[in-house]
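So the structure is just underneath, and the comments pick up after that.
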Amino acid sequence: MTVLVTQDDGVTTIAIDRPDHRNAVDPATARALYAAFLAFEASEDQQVAVFTGTGGAFCAGFDLKAAGAGASDGWIEEVMLPDDWVDPVGDPCPGPMGPSRLMLSKPVIAAIEGPAVAGGMELAAWCDLRVMAEGAYIGVFCRRWGVPLIDGGTVRFPALVGQGRANDLILTGRPVPAEEALAMGFANRTCPQGTALEFAQAIARDLIRFPQACMRADHLSARMTPEALAAGLKREWRSATAFAAEGRAGAARFASGKGRGGDFGDI
């Protein structure tokens, strides 16, 4: 099992459990995450989800070792977006990282320790609130490898931080520490290192105290419409063709040991 799910008084905690890979997502993990969040949405008892990773990392993105070896080819074909897809609510479908194309009716809070980079940053942006611990960081690290943002980053980053800051993140791929992420509006809260999960679960319990139907209705009204989200995700998906030209070679360079840990100098 690479995804752990626990439930406690209406709060579902979903954790990526691949600490040896800094919780990078391979196809099996993506499928498990997608299933876990669909089950959370369908549950009558569970009201708020907390999304995290084990071992001091949120998520280092898609598993480029698997991608470089061709192990993800079948998964990319499986998550191809049909041209007529228009409804992320009534017609859900998985994204490459798992739940990134879902539009849930219930809140999801990200509890971020360590890296939330590349596809991991896109998963964090998919959540409704983000708690980042001191020492955590975000960044479009896939910029180094020619791997495009295909899990909603180009749609959600501008909505969260504004077009100018999103341009900085998307074009440079630079690491952004928790304090700066809070200042730019990506993070909603910061907390001491090692306490992000506890902090996020406390927020979740606070949200459960409110009348749920009213809270969810207001939250839905404040978000992008499902139609606009679907259109943005379909437009973004067209960039997936860049992976065939550049991303496969970049993933192979990563697998060979180049550019690890955010080093942009050796790529």
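How things are named: the first chain in the structure tokens is A, the next is B, and so on; residues count from 1 in each chain; ligands count from 1 in the order shown.
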7 Å contact set for range 46-63 of chain A, only C-alpha atoms, chain neighbours under 3 positions out, as a PyMOL selection string: chain A and resi 10-17+19+22-26+40+43+66-67+97+106-120+200-201+204+208
Going by DSSP on the backbone, which bits of range 142-185 of chain A are helix (DSSP H, G or I)? Write them as an mmCIF file with N, CA and C atoms, in the first residue's frame, please.
data_model
loop_
_atom_site.group_PDB
_atom_site.id
_atom_site.type_symbol
_atom_site.label_atom_id
_atom_site.label_comp_id
_atom_site.auth_asym_id
_atom_site.auth_seq_id
_atom_site.Cartn_x
_atom_site.Cartn_y
_atom_site.Cartn_z
ATOM 1 N N CYS A 142 9.862 20.480 -12.160
ATOM 2 C CA CYS A 142 9.823 19.763 -13.445
ATOM 3 C C CYS A 142 10.271 20.644 -14.603
ATOM 4 N N ARG A 143 10.417 21.965 -14.351
ATOM 5 C CA ARG A 143 10.916 22.857 -15.395
ATOM 6 C C ARG A 143 12.270 22.388 -15.917
ATOM 7 N N ARG A 144 13.079 21.788 -15.025
ATOM 8 C CA ARG A 144 14.426 21.350 -15.410
ATOM 9 C C ARG A 144 14.423 20.212 -16.413
ATOM 10 N N TRP A 145 13.343 19.467 -16.457
ATOM 11 C CA TRP A 145 13.355 18.204 -17.194
ATOM 12 C C TRP A 145 12.491 18.209 -18.442
ATOM 13 N N GLY A 153 -1.786 22.843 -12.670
ATOM 14 C CA GLY A 153 -0.951 23.942 -12.208
ATOM 15 C C GLY A 153 -1.143 25.221 -12.987
ATOM 16 N N THR A 154 -1.247 25.120 -14.317
ATOM 17 C CA THR A 154 -1.397 26.331 -15.114
ATOM 18 C C THR A 154 -2.767 26.972 -14.927
ATOM 19 N N VAL A 155 -3.719 26.209 -14.422
ATOM 20 C CA VAL A 155 -5.059 26.732 -14.162
ATOM 21 C C VAL A 155 -5.146 27.302 -12.744
ATOM 22 N N ARG A 156 -4.584 26.575 -11.777
ATOM 23 C CA ARG A 156 -4.785 26.931 -10.372
ATOM 24 C C ARG A 156 -3.751 27.909 -9.832
ATOM 25 N N PHE A 157 -2.505 27.870 -10.307
ATOM 26 C CA PHE A 157 -1.502 28.783 -9.762
ATOM 27 C C PHE A 157 -1.891 30.247 -9.962
ATOM 28 N N PRO A 158 -2.316 30.671 -11.171
ATOM 29 C CA PRO A 158 -2.720 32.071 -11.321
ATOM 30 C C PRO A 158 -3.906 32.446 -10.441
ATOM 31 N N ALA A 159 -4.832 31.512 -10.246
ATOM 32 C CA ALA A 159 -5.986 31.807 -9.398
ATOM 33 C C ALA A 159 -5.578 32.011 -7.947
ATOM 34 N N LEU A 160 -4.540 31.305 -7.507
ATOM 35 C CA LEU A 160 -4.106 31.392 -6.115
ATOM 36 C C LEU A 160 -3.220 32.599 -5.846
ATOM 37 N N VAL A 161 -2.275 32.863 -6.738
ATOM 38 C CA VAL A 161 -1.239 33.859 -6.418
ATOM 39 C C VAL A 161 -1.221 35.038 -7.375
ATOM 40 N N GLN A 163 -1.423 36.372 -11.702
ATOM 41 C CA GLN A 163 -0.720 35.998 -12.932
ATOM 42 C C GLN A 163 0.779 36.272 -12.855
ATOM 43 N N GLY A 164 1.156 37.422 -12.285
ATOM 44 C CA GLY A 164 2.571 37.761 -12.250
ATOM 45 C C GLY A 164 3.385 36.787 -11.434
ATOM 46 N N ARG A 165 2.913 36.455 -10.240
ATOM 47 C CA ARG A 165 3.636 35.494 -9.397
ATOM 48 C C ARG A 165 3.597 34.106 -10.026
ATOM 49 N N ALA A 166 2.463 33.755 -10.626
ATOM 50 C CA ALA A 166 2.381 32.452 -11.297
ATOM 51 C C ALA A 166 3.396 32.371 -12.429
ATOM 52 N N ASN A 167 3.569 33.467 -13.181
ATOM 53 C CA ASN A 167 4.572 33.474 -14.236
ATOM 54 C C ASN A 167 5.959 33.195 -13.668
ATOM 55 N N ASP A 168 6.270 33.828 -12.542
ATOM 56 C CA ASP A 168 7.566 33.609 -11.895
ATOM 57 C C ASP A 168 7.743 32.138 -11.533
ATOM 58 N N LEU A 169 6.738 31.551 -10.906
ATOM 59 C CA LEU A 169 6.817 30.151 -10.500
ATOM 60 C C LEU A 169 6.959 29.230 -11.703
ATOM 61 N N ILE A 170 6.117 29.444 -12.721
ATOM 62 C CA ILE A 170 6.056 28.529 -13.861
ATOM 63 C C ILE A 170 7.289 28.654 -14.743
ATOM 64 N N LEU A 171 7.766 29.881 -14.969
ATOM 65 C CA LEU A 171 8.883 30.070 -15.888
ATOM 66 C C LEU A 171 10.232 29.716 -15.266
ATOM 67 N N THR A 172 10.452 30.104 -14.008
ATOM 68 C CA THR A 172 11.769 29.891 -13.403
ATOM 69 C C THR A 172 11.898 28.550 -12.713
ATOM 70 N N ALA A 178 8.378 28.258 2.680
ATOM 71 C CA ALA A 178 7.046 28.409 3.258
ATOM 72 C C ALA A 178 6.694 29.866 3.531
ATOM 73 N N GLU A 179 7.641 30.638 4.052
ATOM 74 C CA GLU A 179 7.352 32.029 4.402
ATOM 75 C C GLU A 179 6.969 32.839 3.170
ATOM 76 N N GLU A 180 7.687 32.634 2.060
ATOM 77 C CA GLU A 180 7.346 33.345 0.836
ATOM 78 C C GLU A 180 6.042 32.822 0.249
ATOM 79 N N ALA A 181 5.818 31.518 0.350
ATOM 80 C CA ALA A 181 4.565 30.942 -0.143
ATOM 81 C C ALA A 181 3.371 31.537 0.595
ATOM 82 N N LEU A 182 3.534 31.800 1.898
ATOM 83 C CA LEU A 182 2.474 32.446 2.676
ATOM 84 C C LEU A 182 2.271 33.879 2.203
ATOM 85 N N ALA A 183 3.365 34.599 1.989
ATOM 86 C CA ALA A 183 3.264 35.998 1.591
ATOM 87 C C ALA A 183 2.622 36.152 0.223
ATOM 88 N N MET A 184 2.876 35.199 -0.696
ATOM 89 C CA MET A 184 2.311 35.316 -2.038
ATOM 90 C C MET A 184 0.891 34.765 -2.133
#
A:Val131, A:Ala240, A:Met215, A:Leu233 ranked by distance to Gln193 in chain A, top pick (using only C-alpha atoms):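 Ranked by minimum distance to Gln193 in chain A, first place goes to A:Val131.
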Those of range 57-244 of chain A in DSSP strand (DSSP E), formatted as a PyMOL selection string: chain A and resi 108-112+115-117+129-133+137-139+176-177+189-191
Writer output for current selection, all heavy atoms, as a short mmCIF file (atom, residue, chain, number, x, y, z; two decimals), in the first residue's frame:
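Below is the file that was written, again_38.cif:
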data_model
loop_
_atom_site.label_atom_id
_atom_site.label_comp_id
_atom_site.auth_asym_id
_atom_site.auth_seq_id
_atom_site.Cartn_x
_atom_site.Cartn_y
_atom_site.Cartn_z
N VAL A 108 -10.75 20.00 1.29
CA VAL A 108 -9.53 19.23 1.44
C VAL A 108 -8.42 20.19 1.86
O VAL A 108 -8.23 21.23 1.23
CB VAL A 108 -9.13 18.52 0.14
CG1 VAL A 108 -7.84 17.72 0.34
CG2 VAL A 108 -10.25 17.61 -0.36
N ILE A 109 -7.71 19.84 2.92
CA ILE A 109 -6.64 20.67 3.47
C ILE A 109 -5.31 19.96 3.28
O ILE A 109 -5.17 18.81 3.70
CB ILE A 109 -6.87 20.96 4.96
CG1 ILE A 109 -8.25 21.59 5.19
CG2 ILE A 109 -5.78 21.88 5.51
CD1 ILE A 109 -8.65 21.68 6.65
N ALA A 110 -4.34 20.62 2.66
CA ALA A 110 -3.01 20.04 2.50
C ALA A 110 -2.17 20.33 3.73
O ALA A 110 -2.11 21.48 4.19
CB ALA A 110 -2.33 20.62 1.26
N ALA A 111 -1.53 19.31 4.25
CA ALA A 111 -0.57 19.45 5.36
C ALA A 111 0.81 19.17 4.79
O ALA A 111 1.15 18.02 4.50
CB ALA A 111 -0.90 18.47 6.49
N ILE A 112 1.62 20.23 4.62
CA ILE A 112 2.84 20.14 3.83
C ILE A 112 4.07 20.23 4.72
O ILE A 112 4.31 21.25 5.38
CB ILE A 112 2.87 21.25 2.77
CG1 ILE A 112 1.65 21.15 1.85
CG2 ILE A 112 4.17 21.19 1.96
CD1 ILE A 112 1.46 22.34 0.93
N PRO A 115 9.26 18.92 0.73
CA PRO A 115 8.96 19.35 -0.64
C PRO A 115 7.52 19.11 -1.05
O PRO A 115 6.94 18.07 -0.78
CB PRO A 115 9.91 18.50 -1.48
CG PRO A 115 10.10 17.25 -0.67
CD PRO A 115 10.10 17.70 0.76
N ALA A 116 6.95 20.10 -1.72
CA ALA A 116 5.70 19.94 -2.49
C ALA A 116 6.03 20.54 -3.84
O ALA A 116 5.78 21.72 -4.10
CB ALA A 116 4.54 20.66 -1.82
N VAL A 117 6.66 19.76 -4.70
CA VAL A 117 7.25 20.29 -5.91
C VAL A 117 6.73 19.56 -7.14
O VAL A 117 6.24 18.43 -7.06
CB VAL A 117 8.79 20.20 -5.86
CG1 VAL A 117 9.33 21.05 -4.71
CG2 VAL A 117 9.27 18.76 -5.71
N LEU A 129 -7.26 24.41 1.10
CA LEU A 129 -6.41 25.17 2.02
C LEU A 129 -5.07 24.46 2.11
O LEU A 129 -4.99 23.24 1.96
CB LEU A 129 -7.04 25.25 3.42
CG LEU A 129 -8.35 26.01 3.57
CD1 LEU A 129 -8.92 25.81 4.97
CD2 LEU A 129 -8.16 27.50 3.29
N ARG A 130 -4.02 25.24 2.42
CA ARG A 130 -2.67 24.68 2.50
C ARG A 130 -1.98 25.16 3.79
O ARG A 130 -1.86 26.38 4.00
CB ARG A 130 -1.84 25.11 1.28
CG ARG A 130 -2.18 24.35 0.01
CD ARG A 130 -1.90 25.17 -1.23
NE ARG A 130 -2.81 26.33 -1.30
CZ ARG A 130 -4.06 26.26 -1.71
NH1 ARG A 130 -4.57 25.13 -2.14
NH2 ARG A 130 -4.83 27.34 -1.70
N VAL A 131 -1.55 24.21 4.59
CA VAL A 131 -0.74 24.48 5.78
C VAL A 131 0.69 24.04 5.45
O VAL A 131 0.92 22.88 5.11
CB VAL A 131 -1.26 23.72 7.01
CG1 VAL A 131 -0.32 23.91 8.19
CG2 VAL A 131 -2.67 24.16 7.36
N MET A 132 1.65 24.97 5.56
CA MET A 132 3.04 24.65 5.28
C MET A 132 3.87 24.80 6.54
O MET A 132 3.82 25.84 7.21
CB MET A 132 3.61 25.54 4.17
CG MET A 132 3.01 25.30 2.80
SD MET A 132 3.80 26.27 1.47
CE MET A 132 5.43 25.51 1.43
N ALA A 133 4.64 23.78 6.86
CA ALA A 133 5.53 23.83 8.01
C ALA A 133 6.80 24.60 7.66
O ALA A 133 7.18 24.71 6.49
CB ALA A 133 5.89 22.42 8.46
N TYR A 137 8.79 23.64 1.23
CA TYR A 137 8.99 24.50 0.07
C TYR A 137 8.21 23.95 -1.12
O TYR A 137 7.87 22.77 -1.17
CB TYR A 137 10.47 24.63 -0.29
CG TYR A 137 11.19 23.31 -0.53
CD1 TYR A 137 11.33 22.78 -1.81
CD2 TYR A 137 11.72 22.59 0.54
CE1 TYR A 137 11.99 21.58 -2.02
CE2 TYR A 137 12.38 21.38 0.35
CZ TYR A 137 12.51 20.89 -0.95
OH TYR A 137 13.16 19.68 -1.15
N ILE A 138 7.91 24.86 -2.03
CA ILE A 138 7.22 24.53 -3.27
C ILE A 138 8.12 24.91 -4.44
O ILE A 138 9.11 25.63 -4.27
CB ILE A 138 5.86 25.24 -3.38
CG1 ILE A 138 6.04 26.77 -3.33
CG2 ILE A 138 4.91 24.76 -2.30
CD1 ILE A 138 4.77 27.57 -3.57
N GLY A 139 7.78 24.46 -5.64
CA GLY A 139 8.55 24.84 -6.81
C GLY A 139 8.17 23.97 -8.01
O GLY A 139 7.87 22.79 -7.85
N VAL A 176 10.54 27.90 -3.55
CA VAL A 176 9.89 28.96 -2.77
C VAL A 176 9.64 28.43 -1.37
O VAL A 176 8.87 27.48 -1.19
CB VAL A 176 8.55 29.38 -3.43
CG1 VAL A 176 7.83 30.42 -2.57
CG2 VAL A 176 8.78 29.91 -4.84
N PRO A 177 10.29 29.02 -0.34
CA PRO A 177 10.10 28.53 1.02
C PRO A 177 8.73 28.89 1.57
O PRO A 177 8.02 29.74 1.02
CB PRO A 177 11.22 29.23 1.80
CG PRO A 177 11.49 30.48 1.02
CD PRO A 177 11.25 30.14 -0.42
N ARG A 189 -1.58 29.01 5.95
CA ARG A 189 -1.02 29.04 7.30
C ARG A 189 0.39 28.47 7.25
O ARG A 189 0.70 27.63 6.41
CB ARG A 189 -1.84 28.19 8.27
CG ARG A 189 -3.32 28.43 8.32
CD ARG A 189 -3.69 29.62 9.18
NE ARG A 189 -5.10 29.58 9.52
CZ ARG A 189 -6.09 29.93 8.71
NH1 ARG A 189 -5.81 30.32 7.47
NH2 ARG A 189 -7.35 29.87 9.11
N THR A 190 1.23 28.92 8.18
CA THR A 190 2.50 28.26 8.42
C THR A 190 2.53 27.81 9.87
O THR A 190 1.79 28.33 10.72
CB THR A 190 3.70 29.17 8.13
OG1 THR A 190 3.59 30.36 8.92
CG2 THR A 190 3.77 29.54 6.66
N CYS A 191 3.39 26.86 10.17
CA CYS A 191 3.46 26.28 11.50
C CYS A 191 4.86 25.73 11.73
O CYS A 191 5.64 25.59 10.78
CB CYS A 191 2.41 25.18 11.67
SG CYS A 191 2.62 23.80 10.52
#
Point-to-point distance from CA of Thr2 in chain A to CA of Ala32 in chain A, Å rounded to tenths: 7.7 Å
